[in-house]
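Enquirer: Here's a structure for you.
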Amino acid sequence: MDKLFLIDGHALVFKMYYAFLRRPMINSKGADMSILFGFTKYLMELIEREKPTHIAVAFDPPGGTFRNEMYPAYKGTRPPTPQLVIDALEPLTELVEAMDIPVMMVPGFEADDVLGSAATQLASDSLDVYMVTPDKDYGQLIGKHVFQLKPGKGGSDNELVDTAALCEKWGIAEPSQVIDMLAICGDTADNVPGVKGVGEVGAAKLIAKYGTLENIYAHIAELTPKQQAMFTEAQPHMALSKALVTIKTDMQLPATLEDMRYTGKFSPRLAELFRKYEFTSLKKYLPAEASTAEDTKMKADAPKAIPVSPAEVLAAAKNSGKVGLVMTGSQLILASGEKVATVILSEAKDLLEDAAVAKYGVDLKKMARQLAADGIGLQGQWNDIELMHYVINPERSHELAALAQTYLGVSLEEASAPATTGSLFDDVPEEDDSPRLKESAILIPLGEKLREQLPAFYDRMEEPLAKVLAQMELDGVKVDMAQLRVFADGLRKELAEREARIREMADDPQLNVSSPRQVGEVLFDKLQLDPKAKKTGSKTQYSTDEATLIAIADRHPIVDEILEFRAVKKLLSTYIEPFPSYISPADGRVHTTFNQALTATGRLSSSNPNLQNIPVRTERGKEIRKAFVPGTPEGVIVSADYSQIELRIMAHLSCDAHLIQAFRDGVDVHAATAAKIFGIPVSEVTREQRSMAKTANFGIMYGISSFGLAQRLHLSRTAAKELIDGYFASFPAIRSFIDDSISFARENGYVETLFGRRRYLPDIEAHNANVRALAERNAVNAPIQGTSADIIKLAMIGVADRLREEGLRSRMVLQIHDELVFDALPEEVPALKALVKDVMENVIKLSVPLTVECSAGANWLEAH
């Protein structure tokens with residue numbers, strides 16, 4: 001039995017558009033490949049699984065169809081087609097045709113009509129037809145040899161619908177009755193008018209009973225009075241509705257059955273397209289003969305790992321000035337050209353410390369720390385594969401295997417077969433099939449490929465910063481564990497006291513305060529604090545998250561107690577109790593890891609432990625900073641913090657004259673903003689007005705809505721909107737900056753910092769309003785936050801250079817957002833403060849001054 005698969009192209013395109021909306025697939029050039037990849041992958045998997053003898057794809061043509069002539073309002077209520085969908089049509093057509101699959105598109109007719117005509121005319125006792133679409137309208141076409149295949153979330157989730165399944169679902173006698181059902185319930189998406197108030201279930205019941213729409217009207221007196229009224233009102237347009245939902249079956253087909261025969265003879269163009277779009281994971285579906293000349297050349301030129309003696313690879317690396325490094329325990333695998341060798345560290349010391357030899361590897365910062373423990377310094381230019389690719393596109397995977405496949409056409413999963421001359425006298429180690437050998441061999445070629453796309457700021461900023469961070473991680477920071485233990489004991493005591501008070505207020509001595517379910521039952525069932533409260537999720541418990549509790553905090557003192565209980569518990573479990581495990585037994589210090597290739601904005605983060613998130617706004621949180629102390633008894637902690645750097649960057653980027661002048665004059669910028677918004681002298685600005693202006697200043701930067709501002713300032717939505725409108729009226733240049741940033745993102749697909757760091761925003765044209773709004777906020781915020789991150793990175797490099805040049809022994813130990821922390825010797829504090837302030841304030845010249853607050857103390861809290 002032959003099998004013809006007819007693909008509803010537009011339906012599949014939209015399925016892929018929504019499937020990848022939240023996690024789009026972005027290639028190395030920043031282009032969104034979600035629809036092209038998803039569509040092609042589905043088609044390839046379908047072919048492999050179903051093994052069709054015939055196949056064709058149909059797309060809707062641009063412009064209107066005969067249904068628009070019948071009814072001009074047809075599909076008139078649909079939102080504009082997303083640009084990503086529009087842009088996908090031409091490349092998809094090329095991809096499908098390169099698979100030797102005909103693309104059917106007939107002007108004036110929808111894909112439904114083309115496929116409906118093909119299914120009806122071609123199905124026979126020797127040919128089964130499968131219509132691949134999720135569209136329920138196709139149910140009317142199902143028959144003895146015609147089936148509907150509804151694509152699911154995965155290839156195995158496809159749902160096959162035949163006559164029996166369709167009729168059983170709706171309780172109807174035959175598939176053609178779907179037409180009458182669709183006419184009755186109408187279609188809001190296509191703007192097809194139906195019988196108002198009758199849905200799919202109701203329509204199915206009526207058709208099951210009366211057979212046809214016309215027969216319902218013939219027996220309208222048997223309907224309920226309400227149904228009679230609804231059908232009478234709809235009667236004038238019901239013939240039109242039925243015509244609109246009826247799929248044509250009598251079209252002249254644009255392709256013959258023989259045209260649709262599937263040969264599996266892909267055009268060489270398909271391999272070229274896969275390479276162009278970076279569909280490396282789909283190449284497995286291509287036959288060997290489908291490879292392009294470029295693929296063949298790439299495979300032939302793929303780096304090979306040829307084991308040689310350590311002396312040979314050391315000499316080759318010295319000669320070339322480049323070496324690939326892979327660390328395995330106490331040994332290194334070195335690569336130069338195709339030559340690889342495993343060496344002990346002492347053998348490689350001279351090469352590693354040779355500044356004239358560029359180093360290629362993954363996470364060289366970590367490797368530098370490991371080598372430093374053995375007294376070896378990793379000198380020379382660092383070409384860190386992960387970091388280089390992060391700079392090119394921060395939101396894609398930086399995994400070595402994926403990059404090797406994408407840029408070199410090399411699979412690290414395949415065994416590396418070393419080559420030898422076959423001589424008994426070869427001074428070559430035994431064959432080693434370890435994938436680490438092949439990994440080492442690709443590092444230099446991959447690094448050179450990445451350099452072709454690498455922005456200049458990698459060498460100016462990220463590469464030298466990696467070396468600074470390696471030293472900071474190595475140095476670590478001293479934590480007074482005795483002080484933390486005392487603090488922890490106090491918190492545990494407070495926790496027990498609050499738990500007792502909550503149980504007393506709840507009149508439940510057995511209440512588990514840590515259980516959201518039990519807390520919800522107390523608050524909403526027992527105390528009835530919110531009669532409108534509804535259970536969430538599986539409807540088994542009430543929501544008791546922070547926002548919910550804050551909203552009812554004024555209704556009973558137990559709520560504040562619960563919030564405080566949770567705050568104390570989180571402080572203990574997240575920040576204090578894990579700390580002992582991070583203390584190095586060798587030096588009693590915490591050696592956090594600074595993540596340089598993680599955040600989309602370019603900001604550093606830290607882990608093991610995460611020092612970026614230590615709370616500082618509460619008195620309890622400040623106690624944690626108090627435990628960070630100098631490494632020597634006589635030492636001091638110095639903190640240098642940029643003042644309002646992101647607001648200053650916004651002033652510079654927006655060119656707003658009022659903000660720029662306020663910063664230049666050194667006045668209180670929030671008070672100046674309040675004066676401008678409320679139209680009063682600065683001297684008359686109240687504390688409340690300044691607070692509102694401060695929230696607006698920072699909120700506007702992050703795209704805050706009137707609803708969000710109302711929540712933060714405890715205002716009505718109307719008052720919050722008036723405040724935002726007043727802000728933009730007072731600072732029109734900021735409004736223009738926001739609009740221009742979003743327009744730039746829409747036009748280019750990305751935004752960038754003052755230094756050229758890009759943030760790709762594939763969702764900037766998203767159909768989903770919430771997803772699109774987030775991308776718009778990022779379009780405004782990323783250049784500001786990213787520029788701030790870039791500035792402090794350059795400052796760290798400058799400070800490290802100056803400390804070395806001036807021979808100071810004080811050390812930079814932490815970077816927390818806009819703040820640098822130093823473990824300083826007391827006699828160096830004046831010089832250190834002057835040095836740090838000078839570098840940080842002059843790292844870049846903006847239209848407003850950068851100012852740094854620098855202070856010292858016995859611990860981080862005092863210094864900050």
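Following the order of the structure tokens, first chain is A, next is B, and so on, with residues numbered from 1 inside each chain and ligands from 1 in the order they appear.
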List the spatial neighbours of A:Ala183 as a ChimeraX atom specification - criterion: any atom at most 9 Å away, only C-alpha atoms, same-chain residues fewer than 2 positions off excluded.

Expert: /A:178-181,185-187,192-195,203,213,238-246

Enquirer: Pull N, CA and C atoms from the residues just selected and write them as an mmCIF file, in the first residue's frame.

Expert:
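Below you can see again.cif, which holds the result:
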data_model
loop_
_atom_site.group_PDB
_atom_site.id
_atom_site.type_symbol
_atom_site.label_atom_id
_atom_site.label_comp_id
_atom_site.auth_asym_id
_atom_site.auth_seq_id
_atom_site.Cartn_x
_atom_site.Cartn_y
_atom_site.Cartn_z
ATOM 1 N N VAL A 178 -18.734 17.415 9.836
ATOM 2 C CA VAL A 178 -17.852 18.403 10.476
ATOM 3 C C VAL A 178 -18.106 19.780 9.876
ATOM 4 N N ILE A 179 -18.426 19.823 8.578
ATOM 5 C CA ILE A 179 -18.704 21.112 7.918
ATOM 6 C C ILE A 179 -19.847 21.828 8.628
ATOM 7 N N ASP A 180 -20.940 21.099 8.890
ATOM 8 C CA ASP A 180 -22.107 21.699 9.547
ATOM 9 C C ASP A 180 -21.766 22.136 10.975
ATOM 10 N N MET A 181 -20.979 21.304 11.676
ATOM 11 C CA MET A 181 -20.555 21.664 13.032
ATOM 12 C C MET A 181 -19.768 22.974 13.020
ATOM 13 N N CYS A 185 -20.677 26.552 15.023
ATOM 14 C CA CYS A 185 -19.887 27.163 16.112
ATOM 15 C C CYS A 185 -19.026 28.318 15.619
ATOM 16 N N GLY A 186 -18.883 28.468 14.276
ATOM 17 C CA GLY A 186 -18.116 29.577 13.746
ATOM 18 C C GLY A 186 -16.635 29.441 14.080
ATOM 19 N N ASP A 187 -15.876 30.461 13.729
ATOM 20 C CA ASP A 187 -14.423 30.437 13.979
ATOM 21 C C ASP A 187 -13.957 31.858 14.253
ATOM 22 N N VAL A 192 -15.225 33.785 11.117
ATOM 23 C CA VAL A 192 -16.389 33.161 10.473
ATOM 24 C C VAL A 192 -17.568 33.262 11.438
ATOM 25 N N PRO A 193 -18.649 33.927 11.045
ATOM 26 C CA PRO A 193 -19.800 34.051 11.957
ATOM 27 C C PRO A 193 -20.544 32.724 12.076
ATOM 28 N N GLY A 194 -20.898 32.343 13.270
ATOM 29 C CA GLY A 194 -21.667 31.122 13.480
ATOM 30 C C GLY A 194 -22.935 31.453 14.225
ATOM 31 N N VAL A 195 -23.423 30.479 15.003
ATOM 32 C CA VAL A 195 -24.585 30.721 15.860
ATOM 33 C C VAL A 195 -24.047 31.152 17.210
ATOM 34 N N ALA A 203 -22.793 22.143 19.121
ATOM 35 C CA ALA A 203 -22.999 21.957 17.680
ATOM 36 C C ALA A 203 -22.966 20.474 17.325
ATOM 37 N N LEU A 213 -27.147 21.061 8.972
ATOM 38 C CA LEU A 213 -27.563 22.403 9.386
ATOM 39 C C LEU A 213 -28.963 22.694 8.857
ATOM 40 N N MET A 238 -25.859 31.991 7.777
ATOM 41 C CA MET A 238 -25.420 30.613 7.960
ATOM 42 C C MET A 238 -24.992 29.937 6.655
ATOM 43 N N ALA A 239 -25.625 30.284 5.551
ATOM 44 C CA ALA A 239 -25.203 29.705 4.264
ATOM 45 C C ALA A 239 -23.778 30.165 3.941
ATOM 46 N N LEU A 240 -23.504 31.444 4.220
ATOM 47 C CA LEU A 240 -22.157 31.974 4.016
ATOM 48 C C LEU A 240 -21.153 31.258 4.918
ATOM 49 N N SER A 241 -21.513 31.087 6.196
ATOM 50 C CA SER A 241 -20.610 30.421 7.142
ATOM 51 C C SER A 241 -20.264 29.017 6.666
ATOM 52 N N LYS A 242 -21.271 28.295 6.170
ATOM 53 C CA LYS A 242 -21.025 26.927 5.711
ATOM 54 C C LYS A 242 -20.115 26.915 4.489
ATOM 55 N N ALA A 243 -20.291 27.899 3.621
ATOM 56 C CA ALA A 243 -19.435 27.982 2.431
ATOM 57 C C ALA A 243 -17.988 28.303 2.815
ATOM 58 N N LEU A 244 -17.833 29.168 3.808
ATOM 59 C CA LEU A 244 -16.485 29.571 4.231
ATOM 60 C C LEU A 244 -15.701 28.418 4.857
ATOM 61 N N VAL A 245 -16.378 27.535 5.580
ATOM 62 C CA VAL A 245 -15.668 26.461 6.286
ATOM 63 C C VAL A 245 -15.540 25.195 5.446
ATOM 64 N N THR A 246 -16.131 25.204 4.261
ATOM 65 C CA THR A 246 -16.055 24.017 3.399
ATOM 66 C C THR A 246 -14.746 24.043 2.605
#

Enquirer: DSSP says strand (DSSP E) for which residues of stretch 593-700 of chain A? Put them as a list in words?

Expert: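 Filtering stretch 593-700 of chain A down to strand (DSSP E) leaves Thr593, Phe594, Asn595, Ser605, Ser606, Ser607, Phe628, Val629, Val636, Ile637, Val638, Ser639, Ala640, Asp641 and Tyr642 of chain A.
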
Enquirer: Would you mind listing what lies within 9 Å of A:Tyr285 as a PyMOL selection string, with only C-alpha atoms counted and same-chain residues fewer than 6 positions away left out?

Expert: chain A and resi 44-45+48

Enquirer: With N, CA and C atoms kept, could you save the residues just selected as a PDB file, in the first residue's frame?

Expert:
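The resulting file, result-v9.pdb, is shown below:
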ATOM      1  N   MET A  44      12.020  15.673   8.520  1.00  0.00           N
ATOM      2  CA  MET A  44      13.008  14.593   8.432  1.00  0.00           C
ATOM      3  C   MET A  44      12.602  13.397   9.299  1.00  0.00           C
ATOM      4  N   GLU A  45      12.141  13.685  10.505  1.00  0.00           N
ATOM      5  CA  GLU A  45      11.734  12.609  11.409  1.00  0.00           C
ATOM      6  C   GLU A  45      10.505  11.878  10.878  1.00  0.00           C
ATOM      7  N   GLU A  48      11.645   9.574   8.106  1.00  0.00           N
ATOM      8  CA  GLU A  48      12.377   8.421   8.624  1.00  0.00           C
ATOM      9  C   GLU A  48      11.428   7.427   9.301  1.00  0.00           C
TER      10      GLU A  48
END

Enquirer: With only C-alpha atoms as the counted atoms, please give the residues lying no more than 9 Å from A:Leu820, apart from itself and same-chain residues fewer than 6 positions off, as a ChimeraX atom specification.

Expert: /A:638-642,792,796,812-814

Enquirer: Generate the output file for the selected residues, C-alpha atoms, as a short mmCIF file (atom, residue, chain, number, x, y, z; two decimals), in the first residue's frame.

Expert:
data_model
loop_
_atom_site.label_atom_id
_atom_site.label_comp_id
_atom_site.auth_asym_id
_atom_site.auth_seq_id
_atom_site.Cartn_x
_atom_site.Cartn_y
_atom_site.Cartn_z
CA VAL A 638 38.64 48.89 51.51
CA SER A 639 35.47 49.24 49.46
CA ALA A 640 35.21 51.30 46.24
CA ASP A 641 31.71 51.72 44.86
CA TYR A 642 30.49 53.52 41.74
CA ILE A 792 33.83 47.96 35.96
CA MET A 796 39.40 45.98 37.45
CA MET A 812 41.61 43.09 45.07
CA VAL A 813 39.53 40.20 46.44
CA LEU A 814 35.90 40.75 45.42
#

Enquirer: Using DSSP on the backbone coordinates, identify all residues within stretch 425-538 of chain A classified as helix (DSSP H, G or I); present the result as a ChimeraX atom specification.

Expert: /A:435-451,457-475,481-506,516-526

Enquirer: To one decimal place, how far is atom CA of A:Lys467 from atom CA of A:Ala789 in Å?

Expert: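 Straight-line distance from atom CA of A:Lys467 to atom CA of A:Ala789 works out to 17.0 Å.
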
Enquirer: Find, counting only C-alpha atoms, the residue in A:Lys793, A:Lys366, A:Lys144, A:Lys676 that gets nearest to A:Thr592.

Expert: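 Nearest candidate to A:Thr592 out of A:Lys793, A:Lys366, A:Lys144, A:Lys676: A:Lys366.
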
Enquirer: Quick one: of A:Ile645, A:Ile101, A:Val357, A:Ile576, who's nearest to A:Gly490, counting only C-alpha atoms?

Expert: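 Closest to A:Gly490, using only C-alpha atoms: A:Ile576.
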
Enquirer: For A:Ile142, work out the shell of residues within 10 Å, counting only C-alpha atoms and skipping chain neighbours fewer than 4 positions away, then give it as a PyMOL selection string.

Expert: chain A and resi 116+119-120+129-131+138+146-148+161-164+166+174-176+178

Enquirer: Give me, as a list in words, all polymer residues having an atom no more than 7 Å from A:Leu270, counting only C-alpha atoms and skipping those fewer than 4 positions away in the same chain.

Expert: Leu95, Ala98, Met99, Phe266 and Phe274 of chain A

Enquirer: Using only C-alpha atoms, find each residue in stretch 732-832 of chain A having at least one atom no more than 7 Å away from stretch 838-849 of chain A; report its shortest atom-to-atom pair and that distance in Å (one decimal), rows by chain then rising number, as a Markdown table.

Expert:
| residue | atom | partner | partner_atom | distance |
| --- | --- | --- | --- | --- |
| A:Ile791 | CA | A:Val843 | CA | 6.9 |
| A:Leu794 | CA | A:Val843 | CA | 6.8 |
| A:Ala795 | CA | A:Met840 | CA | 5.2 |
| A:Gly798 | CA | A:Val839 | CA | 6.2 |
| A:Val799 | CA | A:Val839 | CA | 6.2 |

Enquirer: Need to verify the contact set: A:Ser705, 10 Å, only C-alpha atoms, exclusion of same-chain residues closer than 4 positions in sequence. Can you return it as a list in words?

Expert: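 With the cut-off at 10 Å, the set is Gly699, Ile700, Leu709, Ala710, Gln711, Arg717, Ala720, Lys721 and Ile724 of chain A.
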
Enquirer: Keeping only all heavy atoms, write those residues as a short mmCIF file (atom, residue, chain, number, x, y, z; two decimals), in the first residue's frame.

Expert:
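File produced: out26.cif:
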data_model
loop_
_atom_site.label_atom_id
_atom_site.label_comp_id
_atom_site.auth_asym_id
_atom_site.auth_seq_id
_atom_site.Cartn_x
_atom_site.Cartn_y
_atom_site.Cartn_z
N GLY A 699 13.14 52.73 37.90
CA GLY A 699 12.08 51.93 37.29
C GLY A 699 11.98 52.14 35.80
O GLY A 699 11.82 51.18 35.04
N ILE A 700 12.07 53.39 35.36
CA ILE A 700 11.98 53.70 33.94
C ILE A 700 13.08 52.97 33.18
O ILE A 700 12.90 52.44 32.09
CB ILE A 700 12.11 55.23 33.71
CG1 ILE A 700 10.95 55.99 34.35
CG2 ILE A 700 12.22 55.54 32.22
CD1 ILE A 700 9.59 55.64 33.83
N LEU A 709 4.83 50.35 39.05
CA LEU A 709 5.15 51.54 39.83
C LEU A 709 4.11 51.76 40.93
O LEU A 709 4.45 52.15 42.05
CB LEU A 709 5.23 52.76 38.91
CG LEU A 709 5.81 54.03 39.53
CD1 LEU A 709 7.26 53.81 39.95
CD2 LEU A 709 5.73 55.20 38.53
N ALA A 710 2.85 51.49 40.61
CA ALA A 710 1.78 51.63 41.60
C ALA A 710 2.02 50.69 42.78
O ALA A 710 1.84 51.07 43.95
CB ALA A 710 0.42 51.33 40.96
N GLN A 711 2.46 49.48 42.50
CA GLN A 711 2.73 48.51 43.57
C GLN A 711 3.89 48.96 44.44
O GLN A 711 3.85 48.87 45.66
CB GLN A 711 3.03 47.14 42.97
CG GLN A 711 1.78 46.37 42.54
CD GLN A 711 2.10 44.92 42.26
OE1 GLN A 711 3.10 44.59 41.63
NE2 GLN A 711 1.25 44.02 42.73
N ARG A 717 -3.30 53.04 40.18
CA ARG A 717 -2.78 52.91 38.83
C ARG A 717 -2.81 54.26 38.10
O ARG A 717 -1.88 54.60 37.35
CB ARG A 717 -3.62 51.88 38.05
CG ARG A 717 -3.48 50.45 38.49
CD ARG A 717 -2.27 49.79 37.87
NE ARG A 717 -2.39 49.63 36.44
CZ ARG A 717 -2.99 48.61 35.84
NH1 ARG A 717 -3.57 47.65 36.57
NH2 ARG A 717 -3.02 48.52 34.53
N ALA A 720 0.04 56.43 39.34
CA ALA A 720 1.31 55.94 38.84
C ALA A 720 1.49 56.30 37.37
O ALA A 720 2.59 56.69 36.93
CB ALA A 720 1.39 54.43 39.02
N LYS A 721 0.40 56.19 36.61
CA LYS A 721 0.47 56.55 35.19
C LYS A 721 0.76 58.04 35.03
O LYS A 721 1.55 58.45 34.16
CB LYS A 721 -0.83 56.19 34.49
CG LYS A 721 -0.81 56.44 32.97
CD LYS A 721 -2.11 56.05 32.33
CE LYS A 721 -2.04 56.21 30.81
NZ LYS A 721 -1.64 57.56 30.38
N ILE A 724 4.45 58.58 35.61
CA ILE A 724 5.27 58.18 34.46
C ILE A 724 5.11 59.17 33.31
O ILE A 724 6.09 59.59 32.69
CB ILE A 724 4.88 56.75 34.01
CG1 ILE A 724 5.33 55.73 35.06
CG2 ILE A 724 5.51 56.43 32.66
CD1 ILE A 724 4.92 54.31 34.76
#

Enquirer: Restricting the calculation to only C-alpha atoms, which member of A:Gln815, A:Thr280, A:Thr601, A:Thr686 is positioned closest to A:Leu465?

Expert: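 Comparing A:Gln815, A:Thr280, A:Thr601, A:Thr686 against A:Leu465, the winner is A:Gln815.
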
Enquirer: So how far away is atom CA of A:Lys196 from atom CA of A:Met230, in Å?

Expert: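 Result for atom CA of A:Met230 versus atom CA of A:Lys196: 6.4 Å, one decimal.
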
Enquirer: Which of these residues is nearest to A:Lys626, using only C-alpha atoms: A:Pro826, A:Gly375, A:Gly857, A:Pro287?

Expert: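 Looking at the shortest contact to A:Lys626, the residue is A:Gly857.
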
Enquirer: Please, what distance in Å, to one decimal, runs between atom CA of A:Thr212 and atom CA of A:Thr249?

Expert: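 Separation between atom CA of A:Thr212 and atom CA of A:Thr249: 19.5 Å.
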